[in-house]
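Novice: My questions will all concern the structure given below.
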Amino acid sequence: MKYIFGFKQIGFWSIPVVLFAWLGATSLGAQEPIGGPYEPDSATVLLLHFDGNLTNETDLTADARSHGNVAFIGQSPIDGGQSIYLDNDSPADSSYIAVADTPALDLTGSWTIEAWVNIFTYGETSEDHRWQPRLLIKPGDDPVYYNNFTVYMAGNTRALRTAYYTPSGDQWIQMESQAGLLNAGNWYHITFIRDTSEHITAQLVHDKDMNQLFFGSLDYDPITGSPPLPSSQPVYIGTNLGLSSPWFDGFVEEFRISNVVRNFALPPIISGVTQLGNQSVENSYVIEAEIFKIGTGDVAQATLHYNTGSGWQELAMNNTSGRQYSAQIPSQLRGTRVQYYISAEDEFGARATIPQTAELDSVFYEFAIWQPATQTLALNFEEGSGLPQDTTLYGNHSEFIGNPTYSTDAAVGDYSLQFEGDSSYLEIDSPFLTSEEFTVDFWFKADSTPVDGTRMLIKEGSQSWFQINYQIRFGAGGQLVPASYIPSTGNYIGTNLADTSATIEAHKWYRLIFEVGDGYASYELRDSTNTMISDNSITLEGIPAQATGPFRLAHANGSSQNFFQGKIDNVQIYNFPRDSIATNAEPDNRPELPNEIRLASNYPNPFNPVTTIEFRVPYRQKVALGVYDILGRKVATLISDEVESGPHSVQWTGKNKWGQPVASGVYFYRLKTPGDLRIRKMVLLR
């Protein structure tokens, strides 16, 4: 049994949201069989059997009408039935059917949309008229892609996509299945569900023998994700006349739209999985999830699977209360990369995993055990040949895609890395390069003014590449746009951070520094002499996405992404904001954010032997404030207790936990709360 991952789309970008929930609050009666043949009932809005005609079996909507080369064929997954053949193997065919608009077809509440499909041919590129075969759409009035609902297939990936547009949030609520789901020449039963009581949408896909191949769901915000936008347009089956490449070439059978959630059987449902960010060595790694079964049967077992580099291990998850399950990954050494996923089975052997493609495409949750306040990547390209070597303690492994080459035209040292803009880039698959706070520092020289949207450096998201931890892209006219995605707000910082008046010129070296710290983001652009050209800082609410996708130089994933042409040199990444590169918003002068944890710079700094550390918490909570040496070993505990809301101050006298004076050097002080972690650097000079 296979399962998929869900996506929420904002604008034209889809953002992964994983949630499984039962859809039965608005369903009809007891559990129902799926696949038909169906009889109309009070919840049936549209029912087309295609048995020699286009008659609609309900009174709520009109009969369908055919256009182009449409035929009834004695081919059906339902015994004795017929299907409709939409002949679109040629761009000149233009075959589809339409159902005139009625109020019942404006779906704004719960629904279940179903059909059998057998697609003959797919387009492989956007130039092909079958690149995105459209099973169904109720287009928007203006523009047409503001649809009330749609179901279509991605020709290049064979993935299923379901979506609707909501004006309240100006967004598409979209799901996309795993690639390779829908192969040409096979029958599939497709179900698209929207449930307004649970605020989720879902996909179910079955094969000809009614074996469930995929199930996945996503949540939507009940305010910004609802309601779908009604329109006065017909429902189209087989195309969308207002969009390019939408033609469906194949069979459609037993098409039904219901204005309720049909009560179909589901495997165990998994939601609310703990997704850990990078951890320090002394942390515990507790993974929790909500797991439950709807309908017949119970959850028989839940398992946490984890891999630290020596093969997959399994831990039974304990049912701690109600639907909550928990297990704990054992402590690991610094430098360890931990991958994990969860599976659950019911008493009949029906099984689900999350992420849904974990056992199919090796898509896992992931975190790393790192040292706080350290450099996580250092590529100076001084090798001159072969793969670049990371000189940090993490030893991240680089890989060339295409043919990047070394150049003796360098900003630092003797060599830089040359990218020809011809599908060549550098990639590093490492969780150590993701951080809540960071510094990105590198040099570059473009061979020409890059095209708007070209990514020069990026730490990509896992399921959707653009759910980034950080990136440096080019805007129109050669502006540089440092950016991060902030999941808590659903926004990208970047455009508001960039200085649109500062543009780069071809054939000149520049240094770019991008820093995200406690409540702020800042950047500096410097010329070949390391002189400041432009800088800016903004207040930041929330933390950047903890992306587990690859780190890339000169390219970003996704279709139609441009390749950077030019040279990149001396790439330095840190998992903390380096004080030496802070811009015009110094940490102590940044605007204070309400309802946020704040850890100020200690003073004096450097110090001997006493320094003062100040912090603020928005409400009463437990805090742990400690001092650590450069190797991450705890030197002293300053606070480990509940504190009241507001500002607090504590002094460190330069002594360890045994009361002994410590040596001169760099130390870090860390403020940890149940929901936050802040780290700053200080220097003791005796």
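Convention: chains lettered A, B, ... in structure tokens order; per-chain residue numbering from 1; ligands numbered from 1 as shown.
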So that I can see what lies close to A:Pro372, please list as a PyMOL selection string the residues with an atom at most 10 Å from it, counting only C-alpha atoms and leaving out residues fewer than 6 positions away in the same chain.
Specialist: chain A and resi 278-281+435+574-576+628+630-632+668+670+678-680
Novice: Export, as a PDB file, in the first residue's frame, the selected residues with C-alpha atoms.
Specialist:
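Below is the file that was written, out-v6.pdb:
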```pdb
ATOM      1  CA  ASN A 278      19.033  20.268  14.621  1.00  0.00           C
ATOM      2  CA  GLN A 279      19.905  19.238  18.174  1.00  0.00           C
ATOM      3  CA  SER A 280      22.856  19.597  20.538  1.00  0.00           C
ATOM      4  CA  VAL A 281      24.357  16.425  21.991  1.00  0.00           C
ATOM      5  CA  SER A 435      19.717  26.686  11.133  1.00  0.00           C
ATOM      6  CA  TYR A 574      27.616  29.535  10.212  1.00  0.00           C
ATOM      7  CA  ASN A 575      24.794  28.313  12.440  1.00  0.00           C
ATOM      8  CA  PHE A 576      24.689  31.596  14.352  1.00  0.00           C
ATOM      9  CA  TYR A 628      29.424  26.655  27.271  1.00  0.00           C
ATOM     10  CA  ILE A 630      33.927  26.380  22.343  1.00  0.00           C
ATOM     11  CA  LEU A 631      33.608  22.565  22.284  1.00  0.00           C
ATOM     12  CA  GLY A 632      30.043  22.730  23.522  1.00  0.00           C
ATOM     13  CA  PHE A 668      28.801  30.955  24.527  1.00  0.00           C
ATOM     14  CA  ARG A 670      22.555  29.833  25.800  1.00  0.00           C
ATOM     15  CA  ARG A 678      18.941  31.537  21.815  1.00  0.00           C
ATOM     16  CA  ILE A 679      22.760  31.595  21.753  1.00  0.00           C
ATOM     17  CA  ARG A 680      25.305  34.436  21.910  1.00  0.00           C
TER      18      ARG A 680
END
```
Novice: Determine, counting only C-alpha atoms, which protein, DNA and RNA residues have an atom within 9 Å of an atom of A:Ala159; residues of the same chain fewer than 4 positions away are not included. Present the result as a list of chain:residue names.
Specialist: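 Listing them by chain and then by number gives A:Tyr152, A:Met153, A:Ala154, A:Gly155, A:Glu176, A:Ser177, A:Gln178, A:Ala179, A:Gly180, A:Leu181, A:Leu182.
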Novice: Atoms to include: N, CA and C atoms. Write the selected residues as an mmCIF file, in the first residue's frame.
Specialist:
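Dumped everything to result13.cif:
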```
data_model
loop_
_atom_site.group_PDB
_atom_site.id
_atom_site.type_symbol
_atom_site.label_atom_id
_atom_site.label_comp_id
_atom_site.auth_asym_id
_atom_site.auth_seq_id
_atom_site.Cartn_x
_atom_site.Cartn_y
_atom_site.Cartn_z
ATOM 1 N N TYR A 152 -6.348 17.330 -11.991
ATOM 2 C CA TYR A 152 -5.578 17.136 -13.210
ATOM 3 C C TYR A 152 -4.319 16.338 -12.914
ATOM 4 N N MET A 153 -3.587 15.977 -13.962
ATOM 5 C CA MET A 153 -2.409 15.143 -13.855
ATOM 6 C C MET A 153 -1.197 15.885 -14.409
ATOM 7 N N ALA A 154 -0.053 15.660 -13.819
ATOM 8 C CA ALA A 154 1.192 16.243 -14.306
ATOM 9 C C ALA A 154 1.823 15.273 -15.291
ATOM 10 N N GLY A 155 1.849 15.664 -16.572
ATOM 11 C CA GLY A 155 2.324 14.746 -17.594
ATOM 12 C C GLY A 155 3.771 14.358 -17.442
ATOM 13 N N GLU A 176 -0.532 17.463 -4.173
ATOM 14 C CA GLU A 176 0.143 16.790 -5.278
ATOM 15 C C GLU A 176 0.674 15.456 -4.797
ATOM 16 N N SER A 177 0.381 14.421 -5.548
ATOM 17 C CA SER A 177 0.785 13.083 -5.151
ATOM 18 C C SER A 177 2.253 12.841 -5.457
ATOM 19 N N GLN A 178 2.692 11.666 -5.084
ATOM 20 C CA GLN A 178 4.019 11.200 -5.459
ATOM 21 C C GLN A 178 4.111 11.075 -6.976
ATOM 22 N N ALA A 179 5.290 11.352 -7.513
ATOM 23 C CA ALA A 179 5.526 11.153 -8.934
ATOM 24 C C ALA A 179 5.396 9.674 -9.281
ATOM 25 N N GLY A 180 4.973 9.403 -10.509
ATOM 26 C CA GLY A 180 4.858 8.030 -10.975
ATOM 27 C C GLY A 180 3.596 7.325 -10.555
ATOM 28 N N LEU A 181 2.612 8.063 -10.092
ATOM 29 C CA LEU A 181 1.383 7.446 -9.610
ATOM 30 C C LEU A 181 0.507 6.933 -10.742
ATOM 31 N N LEU A 182 0.302 7.727 -11.791
ATOM 32 C CA LEU A 182 -0.680 7.424 -12.829
ATOM 33 C C LEU A 182 0.024 7.082 -14.135
#
```
Novice: Hey, what's within 7 Å of A:Asp527 if we count only C-alpha atoms and toss same-chain stuff fewer than 6 positions away? As a ChimeraX atom specification, please?
Specialist: /A:509-511,533
Novice: Taking the chain letters and numbering used in this document, name the residues of stretch 286-524 of chain A that DSSP puts in alpha helix (DSSP H), as a count of residues only.
Specialist: 4
Novice: Extract, using only C-alpha atoms, all DNA, RNA and protein residues at most 6 Å from stretch 41-49 of chain A, discarding same-chain residues fewer than 5 positions from it, and format them as an mmCIF file with N, CA and C atoms, in the first residue's frame.
Specialist:
```cif
data_model
loop_
_atom_site.group_PDB
_atom_site.id
_atom_site.type_symbol
_atom_site.label_atom_id
_atom_site.label_comp_id
_atom_site.auth_asym_id
_atom_site.auth_seq_id
_atom_site.Cartn_x
_atom_site.Cartn_y
_atom_site.Cartn_z
ATOM 1 N N ASN A 56 -27.314 13.218 -17.030
ATOM 2 C CA ASN A 56 -27.020 13.422 -15.626
ATOM 3 C C ASN A 56 -28.145 12.799 -14.809
ATOM 4 N N GLU A 57 -27.816 11.968 -13.834
ATOM 5 C CA GLU A 57 -28.818 11.217 -13.084
ATOM 6 C C GLU A 57 -29.458 12.016 -11.955
ATOM 7 N N LEU A 60 -30.258 18.326 -9.959
ATOM 8 C CA LEU A 60 -29.612 19.553 -9.501
ATOM 9 C C LEU A 60 -28.792 20.232 -10.591
ATOM 10 N N GLU A 254 -17.922 6.692 -14.815
ATOM 11 C CA GLU A 254 -18.614 6.820 -13.516
ATOM 12 C C GLU A 254 -18.152 8.070 -12.763
ATOM 13 N N PHE A 255 -18.572 9.203 -13.295
ATOM 14 C CA PHE A 255 -18.175 10.509 -12.776
ATOM 15 C C PHE A 255 -19.235 10.987 -11.782
ATOM 16 N N ARG A 256 -18.815 11.280 -10.536
ATOM 17 C CA ARG A 256 -19.772 11.704 -9.521
ATOM 18 C C ARG A 256 -19.217 12.854 -8.691
ATOM 19 N N ILE A 257 -20.083 13.868 -8.440
ATOM 20 C CA ILE A 257 -19.802 14.939 -7.500
ATOM 21 C C ILE A 257 -20.870 14.913 -6.420
ATOM 22 N N SER A 258 -20.444 14.900 -5.164
ATOM 23 C CA SER A 258 -21.366 14.905 -4.023
ATOM 24 C C SER A 258 -21.067 16.127 -3.164
ATOM 25 N N ASN A 259 -22.102 16.656 -2.514
ATOM 26 C CA ASN A 259 -21.906 17.817 -1.644
ATOM 27 C C ASN A 259 -21.750 17.428 -0.181
#
```
Novice: Can you pull out every residue within 9 Å of A:Gln339, counting only C-alpha atoms, but drop anything in the same chain fewer than 3 positions away, and send it as number ranges by chain?
Specialist: A: 305-309, 312, 364-368
Novice: Of the candidates A:Arg323, A:His507, A:Lys567, A:Arg686, which one gets nearest to A:Ser416 if we count only C-alpha atoms?
Specialist: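 Closest residue, counting only C-alpha atoms: A:Lys567.
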Novice: Which is closest to A:Ser424 among A:Leu276, A:Leu553, A:Ile597, A:Ala62, if we use only C-alpha atoms?
Specialist: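 Looking only at the distances to A:Ser424, the closest residue turns out to be A:Leu553.
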Novice: Report, in Å to a single decimal, how far apart atom CA of A:Arg620 and atom CA of A:Lys634 are.
Specialist: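 The value is 24.9 Å.
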Novice: Please identify which residues in stretch 339-584 of chain A DSSP calls strand (DSSP E or B) from the backbone, and express them as a PyMOL selection string.
Specialist: chain A and resi 339-346+351-354+365-369+375-379+389+397-401+405-407+416-420+425-428+438-446+455-459+470-474+479-486+491-493+503+510-517+520-526+532-539+551-553+565-574
Novice: Between A:Thr239, A:Leu204, A:Tyr122, A:Asp249, single out the one closest to A:Leu86, counting only C-alpha atoms.
Specialist: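 Nearest to A:Leu86: A:Asp249.
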Novice: Choose the residue, out of A:Lys459, A:Arg194, A:Arg134, A:Arg526, that has the smallest atom-to-atom separation from A:Asn557; count only C-alpha atoms.
Specialist: A:Lys459
